[in-house]
$ cat entry21.tsv   # TSV, C-alpha atoms
chain	number	residue	atom	x	y	z
A	1	MET	CA	-47.60	68.78	112.19
A	2	GLY	CA	-50.21	66.22	111.34
A	3	LEU	CA	-51.39	64.89	114.63
A	4	VAL	CA	-53.94	62.44	115.77
A	5	SER	CA	-56.16	63.38	118.61
A	6	PRO	CA	-54.48	62.02	121.70
A	7	VAL	CA	-56.34	59.45	123.70
A	8	GLY	CA	-57.40	60.50	127.16
A	9	GLN	CA	-57.51	64.16	126.37
A	10	THR	CA	-60.47	66.12	127.59
A	11	ALA	CA	-62.69	67.49	124.89
A	12	GLU	CA	-61.16	70.72	123.69
A	13	PRO	CA	-62.10	73.02	120.86
A	14	SER	CA	-58.94	72.09	119.01
A	15	SER	CA	-59.81	73.51	115.63
A	16	SER	CA	-59.84	77.27	116.02
A	17	ALA	CA	-58.48	78.10	119.45
A	18	GLY	CA	-54.71	77.81	119.76
A	19	PRO	CA	-53.02	77.14	123.10
A	20	HIS	CA	-52.91	80.84	123.89
A	21	GLU	CA	-56.56	81.55	123.52
A	22	ARG	CA	-57.27	78.61	125.76
A	23	GLY	CA	-54.77	79.69	128.37
A	24	PHE	CA	-52.12	77.67	130.14
A	25	GLU	CA	-54.49	75.85	132.43
A	26	ARG	CA	-56.73	74.48	129.71
A	27	ALA	CA	-53.86	73.81	127.32
A	28	ILE	CA	-51.47	72.05	129.66
A	29	LEU	CA	-53.38	70.62	132.63
A	30	PRO	CA	-55.10	67.87	130.64
A	31	HIS	CA	-51.64	66.48	129.83
A	32	LEU	CA	-50.25	66.55	133.34
A	33	SER	CA	-50.75	62.88	134.10
A	34	GLY	CA	-49.46	61.86	130.69
A	35	ALA	CA	-46.36	63.94	131.33
A	36	PHE	CA	-45.91	62.44	134.76
A	37	THR	CA	-46.27	58.95	133.33
A	38	LEU	CA	-43.62	59.71	130.71
A	39	ALA	CA	-41.31	61.03	133.42
A	40	MET	CA	-41.90	57.89	135.50
A	41	TYR	CA	-40.77	55.69	132.62
A	42	LEU	CA	-37.75	57.89	131.93
A	43	THR	CA	-36.50	58.37	135.49
A	44	GLY	CA	-37.81	55.17	137.04
A	45	ASN	CA	-38.90	56.68	140.32
A	46	ARG	CA	-41.60	58.86	141.73
A	47	ALA	CA	-39.49	61.56	143.40
A	48	ASP	CA	-37.48	62.30	140.27
A	49	ALA	CA	-40.59	62.19	138.11
A	50	GLU	CA	-42.33	64.69	140.39
A	51	ASP	CA	-39.32	66.99	140.34
A	52	ALA	CA	-39.07	66.71	136.57
A	53	VAL	CA	-42.71	67.63	136.07
A	54	GLN	CA	-42.44	70.51	138.48
A	55	GLU	CA	-39.33	71.84	136.78
A	56	ALA	CA	-40.99	71.38	133.38
A	57	ILE	CA	-43.99	73.41	134.54
A	58	LEU	CA	-41.74	76.24	135.68
A	59	ARG	CA	-40.09	76.25	132.26
A	60	ALA	CA	-43.39	75.90	130.45
A	61	VAL	CA	-44.85	78.87	132.31
A	62	ARG	CA	-41.85	80.92	131.27
A	63	TYR	CA	-41.97	79.90	127.61
A	64	PHE	CA	-45.71	79.56	127.11
A	65	PRO	CA	-45.95	83.01	125.51
A	66	THR	CA	-43.54	81.82	122.81
A	67	LEU	CA	-45.53	78.67	122.03
A	68	ARG	CA	-46.64	78.78	118.41
A	69	GLU	CA	-47.47	75.14	117.83
A	70	GLU	CA	-51.02	74.00	117.96
A	71	ASP	CA	-50.12	70.87	119.84
A	72	ALA	CA	-49.61	71.77	123.46
A	73	ARG	CA	-49.18	68.13	124.46
A	74	ALA	CA	-46.17	67.51	122.23
A	75	TRP	CA	-44.71	70.84	123.30
A	76	PHE	CA	-45.10	70.08	126.99
A	77	PHE	CA	-43.85	66.49	126.68
A	78	THR	CA	-40.75	67.81	124.89
A	79	ILE	CA	-39.97	70.00	127.88
A	80	VAL	CA	-40.56	67.18	130.36
A	81	ARG	CA	-38.29	64.93	128.37
A	82	ARG	CA	-35.51	67.51	128.19
A	83	VAL	CA	-35.70	68.02	131.94
A	84	CYS	CA	-35.51	64.26	132.51
A	85	PHE	CA	-32.52	63.88	130.26
A	86	THR	CA	-30.53	66.86	131.42
A	87	ALA	CA	-31.34	67.07	135.09
A	88	TYR	CA	-31.64	63.39	135.85
A	89	ARG	CA	-29.15	62.03	133.35
A	90	THR	CA	-31.11	58.98	132.38
A	91	ASN	CA	-29.14	59.15	129.16
A	92	ARG	CA	-27.82	61.87	126.96
A	93	PRO	CA	-29.10	61.95	123.39
A	94	ASP	CA	-26.46	64.19	121.83
A	95	GLY	CA	-26.61	62.93	118.30
A	96	ALA	CA	-29.69	61.07	117.26
A	97	ASP	CA	-27.97	58.57	115.02
A	98	THR	CA	-24.67	58.21	116.79
A	99	ILE	CA	-26.01	57.77	120.26
A	100	SER	CA	-25.12	54.62	121.98
A	101	ILE	CA	-28.24	53.02	123.27
A	102	GLU	CA	-26.58	50.76	125.74
A	103	ALA	CA	-28.96	49.60	128.37
A	104	ILE	CA	-28.74	51.77	131.44
A	105	PRO	CA	-29.88	50.21	134.69
A	106	PHE	CA	-33.55	50.93	134.98
A	107	GLN	CA	-36.11	49.51	137.24
A	108	LEU	CA	-39.40	51.12	137.81
A	109	VAL	CA	-39.67	51.42	141.55
A	110	ASP	CA	-43.39	51.69	141.69
A	111	GLN	CA	-44.86	48.41	140.52
A	112	ARG	CA	-48.23	47.83	141.97
A	113	ASP	CA	-50.10	44.78	140.95
A	114	GLN	CA	-53.62	45.26	139.81
A	115	PRO	CA	-55.87	43.91	142.53
A	116	ASP	CA	-58.16	42.11	140.10
A	117	ALA	CA	-55.34	40.35	138.33
A	118	THR	CA	-55.55	36.61	138.07
A	119	ALA	CA	-52.33	34.76	138.72
A	120	GLU	CA	-51.78	34.04	135.06
A	121	ARG	CA	-52.57	37.55	133.93
A	122	SER	CA	-50.26	39.07	136.50
A	123	GLN	CA	-47.51	36.72	135.41
A	124	VAL	CA	-47.88	37.96	131.85
A	125	GLN	CA	-47.88	41.56	133.06
A	126	GLN	CA	-44.79	40.92	135.08
A	127	ARG	CA	-42.93	39.54	132.08
A	128	VAL	CA	-43.97	42.47	129.87
A	129	ARG	CA	-42.87	44.95	132.52
A	130	GLU	CA	-39.52	43.30	132.93
A	131	ALA	CA	-39.01	43.27	129.18
A	132	ILE	CA	-39.85	46.98	128.97
A	133	ASP	CA	-37.56	47.72	131.92
A	134	GLN	CA	-34.69	46.10	130.06
A	135	LEU	CA	-35.07	48.29	126.99
A	136	PRO	CA	-32.54	51.08	126.50
A	137	THR	CA	-33.98	54.44	127.49
A	138	LEU	CA	-34.66	55.75	124.00
A	139	LEU	CA	-36.38	52.59	122.88
A	140	ARG	CA	-38.45	52.39	126.05
A	141	GLU	CA	-39.43	55.99	125.55
A	142	ALA	CA	-40.59	55.30	121.99
A	143	ILE	CA	-42.67	52.31	123.11
A	144	VAL	CA	-44.23	54.20	126.01
A	145	LEU	CA	-45.16	57.15	123.80
A	146	ARG	CA	-46.52	54.93	121.06
A	147	GLU	CA	-48.28	52.15	122.90
A	148	LEU	CA	-49.15	53.71	126.25
A	149	GLN	CA	-49.82	57.32	125.25
A	150	SER	CA	-51.03	56.55	121.72
A	151	CYS	CA	-48.87	59.23	120.12
A	152	SER	CA	-48.58	59.37	116.34
A	153	TYR	CA	-45.17	58.90	114.72
A	154	ALA	CA	-45.13	62.61	113.93
A	155	GLU	CA	-45.87	63.46	117.55
A	156	ILE	CA	-43.15	61.17	118.83
A	157	ALA	CA	-40.74	62.76	116.36
A	158	ALA	CA	-41.67	66.22	117.66
A	159	ILE	CA	-41.37	65.20	121.30
A	160	THR	CA	-38.08	63.36	120.96
A	161	GLU	CA	-36.68	65.90	118.50
A	162	VAL	CA	-35.62	63.41	115.83
A	163	PRO	CA	-36.87	62.71	112.28
A	164	VAL	CA	-39.85	60.41	111.82
A	165	GLY	CA	-37.53	57.84	110.23
A	166	THR	CA	-35.55	57.60	113.46
A	167	VAL	CA	-38.74	57.11	115.43
A	168	MET	CA	-39.76	54.23	113.19
A	169	SER	CA	-36.35	52.63	113.46
A	170	ARG	CA	-36.38	52.92	117.25
A	171	LEU	CA	-39.84	51.39	117.45
A	172	SER	CA	-38.80	48.57	115.21
A	173	ARG	CA	-35.64	47.89	117.22
A	174	ALA	CA	-37.70	47.97	120.40
A	175	ARG	CA	-40.14	45.45	118.93
A	176	VAL	CA	-37.33	43.13	117.91
A	177	ARG	CA	-35.92	43.17	121.42
A	178	LEU	CA	-39.32	42.66	123.00
A	179	ALA	CA	-40.11	39.89	120.57
A	180	ASP	CA	-36.99	38.09	121.74
A	181	LEU	CA	-38.37	37.94	125.25
A	182	LEU	CA	-42.11	37.81	124.74
A	183	GLN	CA	-42.70	35.92	121.52
A	184	ASP	CA	-44.68	33.19	123.20
A	185	ILE	CA	-47.24	35.57	124.69
A	186	VAL	CA	-47.28	38.57	122.36
A	187	ASP	CA	-47.97	38.59	118.65
A	188	PHE	CA	-45.37	40.73	116.90
A	189	GLY	CA	-46.53	40.14	113.34
A	190	ASP	CA	-43.50	39.78	111.09
A	191	VAL	CA	-40.79	41.58	113.06
A	192	ALA	CA	-39.71	38.53	114.96
B	16	MET	CA	-51.42	27.24	121.79
B	17	LYS	CA	-53.57	30.04	123.09
B	18	GLU	CA	-54.10	33.32	121.37
B	19	ARG	CA	-51.30	35.86	121.72
B	20	LEU	CA	-51.90	39.49	122.61
B	21	ASP	CA	-50.90	42.31	120.33
B	22	LEU	CA	-48.12	44.49	121.67
B	23	GLY	CA	-50.28	47.55	122.38
B	24	THR	CA	-52.73	45.55	124.46
B	25	ALA	CA	-49.95	43.79	126.32
B	26	VAL	CA	-48.17	47.07	127.10
B	27	ARG	CA	-51.31	48.90	128.18
B	28	ASP	CA	-52.29	45.96	130.33
B	29	ALA	CA	-48.90	45.66	132.01
B	30	LEU	CA	-47.71	49.23	132.42
B	31	PRO	CA	-49.51	51.47	134.85
B	32	VAL	CA	-50.45	55.00	133.87
B	33	TYR	CA	-49.55	57.32	136.70
B	34	ASP	CA	-51.49	60.20	138.09
B	35	VAL	CA	-49.65	63.19	139.50
B	36	PRO	CA	-49.94	63.52	143.26
B	37	PRO	CA	-52.77	65.89	144.22
B	38	GLU	CA	-50.48	68.43	145.89
B	39	LEU	CA	-48.41	68.72	142.72
B	40	ARG	CA	-51.55	69.08	140.62
B	41	ASP	CA	-52.82	71.83	142.94
B	42	TRP	CA	-49.53	73.64	142.65
B	43	VAL	CA	-49.61	73.41	138.85
B	44	ARG	CA	-53.16	74.70	138.76
B	45	LYS	CA	-52.19	77.66	140.91
B	46	GLU	CA	-49.21	78.46	138.67
B	47	ALA	CA	-51.41	78.12	135.59
B	48	ARG	CA	-54.08	80.46	136.93
B	49	LYS	CA	-51.49	82.99	137.95
B	50	LEU	CA	-50.11	83.05	134.41
B	51	ASP	CA	-53.53	83.07	132.78
B	52	GLU	CA	-54.76	85.92	134.94
B	53	GLU	CA	-51.70	87.90	134.00
B	54	SER	CA	-51.93	87.34	130.29
B	55	LEU	CA	-55.44	86.42	129.21
B	56	PRO	CA	-57.47	89.54	129.97
B	57	GLU	CA	-54.94	91.72	128.18
B	58	ARG	CA	-54.92	89.61	125.06
B	59	GLY	CA	-56.36	91.42	122.07
B	60	LEU	CA	-56.57	94.72	123.91
B	61	MET	CA	-52.93	95.55	123.78
B	62	SER	CA	-51.48	97.69	121.07
B	63	PRO	CA	-48.41	96.19	119.39
B	64	THR	CA	-46.20	98.41	121.53
B	65	ARG	CA	-47.89	97.40	124.74
B	66	ALA	CA	-47.81	93.80	123.71
B	67	ARG	CA	-44.07	94.06	123.41
B	68	PHE	CA	-43.46	95.95	126.58
B	69	GLY	CA	-46.63	95.24	128.49
B	70	SER	CA	-45.19	92.04	129.85
B	71	SER	CA	-41.95	93.59	130.96
B	72	PHE	CA	-42.14	91.81	134.25
B	73	PRO	CA	-39.92	88.91	133.13
B	74	LEU	CA	-37.47	91.57	131.97
B	75	ARG	CA	-37.48	93.18	135.36
B	76	ILE	CA	-36.76	89.82	136.94
B	77	ALA	CA	-33.95	89.27	134.44
B	78	ALA	CA	-32.52	92.69	135.26
B	79	GLY	CA	-32.77	91.94	138.95
B	80	LEU	CA	-30.97	88.65	138.52
B	81	LEU	CA	-28.29	90.35	136.47
B	82	ILE	CA	-27.70	92.89	139.19
B	83	ALA	CA	-27.72	90.15	141.80
B	84	ALA	CA	-25.29	88.14	139.71
B	85	PHE	CA	-22.97	91.13	139.44
B	86	ALA	CA	-23.20	91.81	143.13
B	87	GLY	CA	-22.45	88.17	143.85
B	88	TRP	CA	-19.58	88.20	141.43
B	89	GLY	CA	-18.18	91.30	143.08
B	90	ILE	CA	-18.29	89.76	146.50
B	91	GLY	CA	-17.05	86.42	145.30
B	92	SER	CA	-14.12	87.82	143.39
B	93	LEU	CA	-13.01	90.36	145.97
B	94	ARG	CA	-13.34	88.24	149.05
B	95	PRO	CA	-10.21	86.14	148.62
B	96	ILE	CA	-8.10	89.30	148.32
B	97	GLY	CA	-9.53	91.38	151.14
B	98	HIS	CA	-10.42	88.55	153.50
B	99	PRO	CA	-8.39	85.39	153.54
B	100	ILE	CA	-10.57	82.34	154.02
B	101	SER	CA	-11.14	81.77	157.68
B	102	THR	CA	-12.80	78.63	158.88
B	103	ASP	CA	-13.36	80.27	162.25
B	104	ARG	CA	-15.15	83.23	160.79
B	105	THR	CA	-17.32	81.08	158.52
B	106	THR	CA	-18.35	78.69	161.28
B	107	ASN	CA	-18.92	81.54	163.73
B	108	GLU	CA	-21.16	83.35	161.31
B	109	LEU	CA	-23.04	80.12	160.69
B	110	VAL	CA	-23.62	79.68	164.41
B	111	ASP	CA	-24.85	83.28	164.60
B	112	ALA	CA	-27.22	82.70	161.70
B	113	HIS	CA	-28.43	79.47	163.27
B	114	VAL	CA	-29.07	81.11	166.65
B	115	ARG	CA	-30.80	84.05	164.95
B	116	SER	CA	-33.05	81.63	163.09
B	117	LEU	CA	-34.23	80.17	166.39
B	118	LEU	CA	-35.52	83.51	167.64
B	119	PRO	CA	-39.30	83.64	167.42
B	120	GLY	CA	-40.47	84.30	163.88
B	121	HIS	CA	-37.06	84.02	162.26
B	122	LEU	CA	-36.83	80.39	161.32
B	123	LEU	CA	-38.79	80.32	158.10
B	124	ASP	CA	-39.79	82.56	155.24
B	125	VAL	CA	-41.83	79.79	153.69
B	126	VAL	CA	-43.46	77.43	156.13
B	127	SER	CA	-44.29	74.12	154.58
B	128	SER	CA	-43.57	70.46	154.88
B	129	ASP	CA	-44.41	70.12	151.20
B	130	ARG	CA	-41.34	70.19	149.01
B	131	HIS	CA	-43.52	71.26	146.08
B	132	THR	CA	-44.19	74.48	147.95
B	133	VAL	CA	-40.68	75.06	149.25
B	134	LYS	CA	-38.73	74.39	146.09
B	135	PRO	CA	-40.48	76.86	143.77
B	136	TRP	CA	-40.44	79.41	146.54
B	137	PHE	CA	-36.67	79.62	146.06
B	138	THR	CA	-37.00	79.92	142.30
B	139	GLY	CA	-37.06	83.58	141.37
B	140	LYS	CA	-35.61	84.62	144.72
B	141	THR	CA	-32.23	83.05	144.29
B	142	ASP	CA	-30.35	81.14	141.62
B	143	ILE	CA	-29.33	78.55	144.17
B	144	ALA	CA	-31.53	75.53	143.77
B	145	PRO	CA	-30.82	73.05	146.53
B	146	ALA	CA	-32.56	69.70	146.38
B	147	VAL	CA	-35.64	69.97	148.56
B	148	VAL	CA	-36.51	66.59	149.94
B	149	ASP	CA	-38.88	65.68	152.70
B	150	LEU	CA	-37.14	63.29	155.02
B	151	SER	CA	-39.92	62.73	157.55
B	152	ASP	CA	-39.81	59.00	156.99
B	153	ARG	CA	-36.18	59.12	158.09
B	154	GLY	CA	-36.92	61.22	161.13
B	155	PHE	CA	-36.06	64.62	159.66
B	156	PRO	CA	-39.33	66.35	158.74
B	157	LEU	CA	-38.98	69.32	156.41
B	158	LEU	CA	-40.08	72.51	158.17
B	159	GLY	CA	-39.57	75.04	155.41
B	160	GLY	CA	-37.02	77.38	153.90
B	161	ARG	CA	-35.68	80.89	153.96
B	162	LEU	CA	-33.01	83.13	152.47
B	163	ASP	CA	-29.92	84.04	154.46
B	164	TYR	CA	-26.77	86.03	154.07
B	165	VAL	CA	-23.81	84.39	155.79
B	166	ASP	CA	-20.13	85.23	155.60
B	167	GLY	CA	-20.55	87.06	152.30
B	168	HIS	CA	-22.69	84.37	150.71
B	169	SER	CA	-26.32	84.51	149.72
B	170	ALA	CA	-27.66	81.26	151.04
B	171	ALA	CA	-30.76	79.22	150.46
B	172	THR	CA	-31.54	77.62	153.79
B	173	LEU	CA	-33.68	74.62	154.52
B	174	ALA	CA	-34.87	73.88	158.01
B	175	TYR	CA	-35.50	70.34	159.19
B	176	GLY	CA	-36.69	69.00	162.49
B	177	ARG	CA	-34.97	66.29	164.49
B	178	ARG	CA	-37.07	65.36	167.50
B	179	LEU	CA	-36.86	68.55	169.60
B	180	HIS	CA	-33.94	70.01	167.64
B	181	THR	CA	-33.79	72.12	164.54
B	182	ILE	CA	-31.28	71.48	161.78
B	183	ASN	CA	-30.52	74.34	159.45
B	184	LEU	CA	-29.00	73.42	156.11
B	185	PHE	CA	-27.29	76.43	154.55
B	186	VAL	CA	-26.56	76.11	150.84
B	187	TRP	CA	-24.57	78.55	148.78
B	188	ARG	CA	-22.64	78.64	145.58
B	189	SER	CA	-19.18	77.39	146.33
B	190	ALA	CA	-16.62	80.04	145.41
B	191	GLY	CA	-13.54	77.90	145.92
B	192	GLY	CA	-11.00	78.21	148.69
B	193	GLU	CA	-13.58	77.40	151.33
B	194	PRO	CA	-13.03	75.49	154.51
B	195	ALA	CA	-12.47	71.81	153.83
B	196	ASP	CA	-15.34	69.37	154.16
B	197	GLY	CA	-15.67	67.98	157.63
B	198	SER	CA	-17.35	68.34	160.99
B	199	PHE	CA	-16.82	71.14	163.47
B	200	THR	CA	-17.98	72.05	166.93
B	201	VAL	CA	-18.34	75.74	167.67
B	202	ARG	CA	-19.78	77.22	170.86
B	203	GLY	CA	-21.54	73.95	171.59
B	204	TYR	CA	-23.15	73.61	168.17
B	205	SER	CA	-22.34	70.83	165.72
B	206	LEU	CA	-21.60	71.70	162.12
B	207	LEU	CA	-21.11	69.45	159.15
B	208	HIS	CA	-19.78	70.75	155.86
B	209	TRP	CA	-19.73	69.13	152.45
B	210	THR	CA	-19.58	70.31	148.86
B	211	ASN	CA	-21.34	68.81	145.91
B	212	GLY	CA	-22.07	69.94	142.38
B	213	GLY	CA	-20.63	73.44	142.87
B	214	LEU	CA	-22.71	74.00	145.99
B	215	SER	CA	-21.43	74.33	149.51
B	216	TYR	CA	-23.58	72.71	152.20
B	217	TRP	CA	-23.47	73.48	155.92
B	218	ALA	CA	-25.69	71.59	158.30
B	219	ILE	CA	-25.83	72.97	161.83
B	220	SER	CA	-27.73	72.01	164.93
B	221	ASP	CA	-27.51	71.68	168.67
B	222	ALA	CA	-28.11	67.96	168.15
B	223	ALA	CA	-25.11	65.67	168.31
B	224	GLY	CA	-22.63	65.50	165.44
B	225	SER	CA	-23.65	61.92	164.69
B	226	GLU	CA	-27.20	63.16	164.05
B	227	LEU	CA	-25.84	65.50	161.40
B	228	GLN	CA	-23.98	62.62	159.77
B	229	ALA	CA	-27.24	60.69	159.67
B	230	PHE	CA	-28.96	63.75	158.29
B	231	ARG	CA	-26.43	64.16	155.50
B	232	GLU	CA	-26.75	60.52	154.64
B	233	ALA	CA	-30.52	60.85	154.37
B	234	TYR	CA	-30.37	64.14	152.48
B	235	THR	CA	-27.78	63.13	149.91
B	236	LYS	CA	-29.23	59.69	149.29
$ encode --input "entry21.tsv" --output "structure tokens"
Amino acid sequence: MGLVSPVGQTAEPSSSAGPHERGFERAILPHLSGAFTLAMYLTGNRADAEDAVQEAILRAVRYFPTLREEDARAWFFTIVRRVCFTAYRTNRPDGADTISIEAIPFQLVDQRDQPDATAERSQVQQRVREAIDQLPTLLREAIVLRELQSCSYAEIAAITEVPVGTVMSRLSRARVRLADLLQDIVDFGDVA
Amino acid sequence: MKERLDLGTAVRDALPVYDVPPELRDWVRKEARKLDEESLPERGLMSPTRARFGSSFPLRIAAGLLIAAFAGWGIGSLRPIGHPISTDRTTNELVDAHVRSLLPGHLLDVVSSDRHTVKPWFTGKTDIAPAVVDLSDRGFPLLGGRLDYVDGHSAATLAYGRRLHTINLFVWRSAGGEPADGSFTVRGYSLLHWTNGGLSYWAISDAAGSELQAFREAYTK
């Protein structure tokens, strides 16, 4: 997999040492908050996200010895995502292309306003959040991975277990929907 | 018209990035160190044979679970023939188990109000995975958990407090043909039974039956 170095990762000797040589703690712990954030945007609430991450860790501990990939983040995110989808039934991606992406009710419970936000800025933030909330799960997931976690297309494809082409189409559909709602405040280039 | 943001900036500005709660992070770190201590020092020293069999401890767990599963299957499949379902016997055994749990030192195998400690404690000891929720904000603080054996069932039991009372929540795999859902009073104790997702739940306490109804409402919410 060709992968960009993820933003927010602690400096790791990524070239020679695979996940095993580094051990579980050094391979996985740097991605814990990223995984929790992903779970928050998939489940929509803190208790489910905590449970999902905990369950994912239990699975990851069990399967770590079988991990061959270099990219521990994509591997761990994949597990978190599977737990969210199976245990918490946010949606069920059975067939990547046939799946109905009807909007499921989603509202992030935990919406704290930034204390330094000016009224205007917080109004913009509010509108962006609401627009993201309204996205179908799979599109929201693609946007969160791409824009919030700075994952490459290849990484998103690995995490969501679909071809890169599907990732690009989901991102583009997400942008079209967001553009509908946010065109006046966000520049979408030529998608809108 | 003022300048518009690009999507990435707008998203990063609007969506919070979440940090895992410290107690969950601590738990993960502990699990990670446990695994790393087990596997890292041996790495590179093991012969191919030892590498294959050196970590047989997951196998032993698997074997244990298999035996447990067979034992459970044996009990589950024979029970309806040898012992017709008896609500009286089930509720009586539950009361016994509840009273036993209140003897000094018997209430809890894992003492913690932290669901991130209690939940994984069950994993590996039983295949029953009840939802472990802390309900202190609803007046039912989580006290901890333990394993029980009641009326032929291996049970995962959660203990909650209710003012000066203790509520035991027994959870076992529902084998069918069990007493119907409902509330019971046996020897002065209140019991409330419900089934959900293939699991049979029995809440029992010396608190009033209405307290158990409130407890179930909080627990299943």
$ interface_residues --input "entry21.tsv" --of "chain A" --to "chain B" --cutoff "6 Å" --atoms "all atoms listed in the file" --output "JSON, numbers by chain"
{"A": [23, 24, 25, 33, 37, 125, 147, 148, 185, 186, 187]}
$ atom_distance --input "entry21.tsv" --atom1 "CA of Asp124 in chain B" --atom2 "CA of Pro37 in chain B"
23.8 Å
$ closest_residue --input "entry21.tsv" --among "B:Val126, B:Val133, B:Ser169, B:Glu53" --to "Pro65 in chain A" --atoms "only C-alpha atoms"
B:Glu53
$ residues_around --input "entry21.tsv" --residues "range 182-194 of chain B" --least-positions-apart "3" --cutoff "7 Å" --atoms "only C-alpha atoms" --output "PDB file with C-alpha atoms, in the frame of the given file"
ATOM      1  CA  GLY B  91     -17.050  86.420 145.300  1.00  0.00           C
ATOM      2  CA  ILE B 100     -10.570  82.340 154.020  1.00  0.00           C
ATOM      3  CA  THR B 102     -12.800  78.630 158.880  1.00  0.00           C
ATOM      4  CA  HIS B 113     -28.430  79.470 163.270  1.00  0.00           C
ATOM      5  CA  ILE B 143     -29.330  78.550 144.170  1.00  0.00           C
ATOM      6  CA  PRO B 145     -30.820  73.050 146.530  1.00  0.00           C
ATOM      7  CA  HIS B 168     -22.690  84.370 150.710  1.00  0.00           C
ATOM      8  CA  SER B 169     -26.320  84.510 149.720  1.00  0.00           C
ATOM      9  CA  ALA B 170     -27.660  81.260 151.040  1.00  0.00           C
ATOM     10  CA  ALA B 171     -30.760  79.220 150.460  1.00  0.00           C
ATOM     11  CA  THR B 172     -31.540  77.620 153.790  1.00  0.00           C
ATOM     12  CA  LEU B 173     -33.680  74.620 154.520  1.00  0.00           C
ATOM     13  CA  ALA B 174     -34.870  73.880 158.010  1.00  0.00           C
ATOM     14  CA  TYR B 175     -35.500  70.340 159.190  1.00  0.00           C
ATOM     15  CA  GLY B 176     -36.690  69.000 162.490  1.00  0.00           C
ATOM     16  CA  ARG B 177     -34.970  66.290 164.490  1.00  0.00           C
ATOM     17  CA  GLY B 213     -20.630  73.440 142.870  1.00  0.00           C
ATOM     18  CA  LEU B 214     -22.710  74.000 145.990  1.00  0.00           C
ATOM     19  CA  SER B 215     -21.430  74.330 149.510  1.00  0.00           C
ATOM     20  CA  TYR B 216     -23.580  72.710 152.200  1.00  0.00           C
ATOM     21  CA  TRP B 217     -23.470  73.480 155.920  1.00  0.00           C
ATOM     22  CA  ALA B 218     -25.690  71.590 158.300  1.00  0.00           C
ATOM     23  CA  ILE B 219     -25.830  72.970 161.830  1.00  0.00           C
ATOM     24  CA  SER B 220     -27.730  72.010 164.930  1.00  0.00           C
TER      25      SER B 220
END
$ closest_residue --input "entry21.tsv" --among "A:Val162, A:Val176, A:Leu58, A:Ala72" --to "Arg26 in chain A" --atoms "all atoms listed in the file"
A:Ala72
$ atom_distance --input "entry21.tsv" --atom1 "CA of Ile57 in chain A" --atom2 "CA of Ala74 in chain A"
13.8 Å
$ atom_distance --input "entry21.tsv" --atom1 "CA of Thr132 in chain B" --atom2 "CA of Ala35 in chain A"
19.8 Å
$ closest_residue --input "entry21.tsv" --among "A:Ile143, A:Leu138, A:Ala47, A:Ala27" --to "Val61 in chain A" --atoms "all atoms listed in the file"
A:Ala27
$ closest_residue --input "entry21.tsv" --among "A:His31, A:Arg73, A:Arg68, A:Arg46" --to "Ile156 in chain A" --atoms "only C-alpha atoms"
A:Arg73
$ decode --input "entry21.tsv" --residues "range 127-145 of chain A" --atoms "C-alpha atoms" --output "PDB file, in the first residue's frame"
ATOM      1  CA  ARG A 127     -23.783  24.740   9.712  1.00  0.00           C
ATOM      2  CA  VAL A 128     -20.852  22.535   8.676  1.00  0.00           C
ATOM      3  CA  ARG A 129     -21.550  20.144  11.534  1.00  0.00           C
ATOM      4  CA  GLU A 130     -25.202  19.891  10.672  1.00  0.00           C
ATOM      5  CA  ALA A 131     -24.353  19.247   7.034  1.00  0.00           C
ATOM      6  CA  ILE A 132     -21.920  16.481   8.020  1.00  0.00           C
ATOM      7  CA  ASP A 133     -24.484  15.009  10.420  1.00  0.00           C
ATOM      8  CA  GLN A 134     -26.945  14.721   7.555  1.00  0.00           C
ATOM      9  CA  LEU A 135     -24.603  12.712   5.362  1.00  0.00           C
ATOM     10  CA  PRO A 136     -25.272   8.987   5.030  1.00  0.00           C
ATOM     11  CA  THR A 137     -22.912   6.964   7.189  1.00  0.00           C
ATOM     12  CA  LEU A 138     -20.569   5.807   4.440  1.00  0.00           C
ATOM     13  CA  LEU A 139     -20.187   9.266   2.979  1.00  0.00           C
ATOM     14  CA  ARG A 140     -19.648  10.838   6.383  1.00  0.00           C
ATOM     15  CA  GLU A 141     -17.049   8.203   7.110  1.00  0.00           C
ATOM     16  CA  ALA A 142     -15.190   9.001   3.881  1.00  0.00           C
ATOM     17  CA  ILE A 143     -15.197  12.726   4.642  1.00  0.00           C
ATOM     18  CA  VAL A 144     -14.057  12.232   8.234  1.00  0.00           C
ATOM     19  CA  LEU A 145     -11.204   9.949   7.172  1.00  0.00           C
TER      20      LEU A 145
END
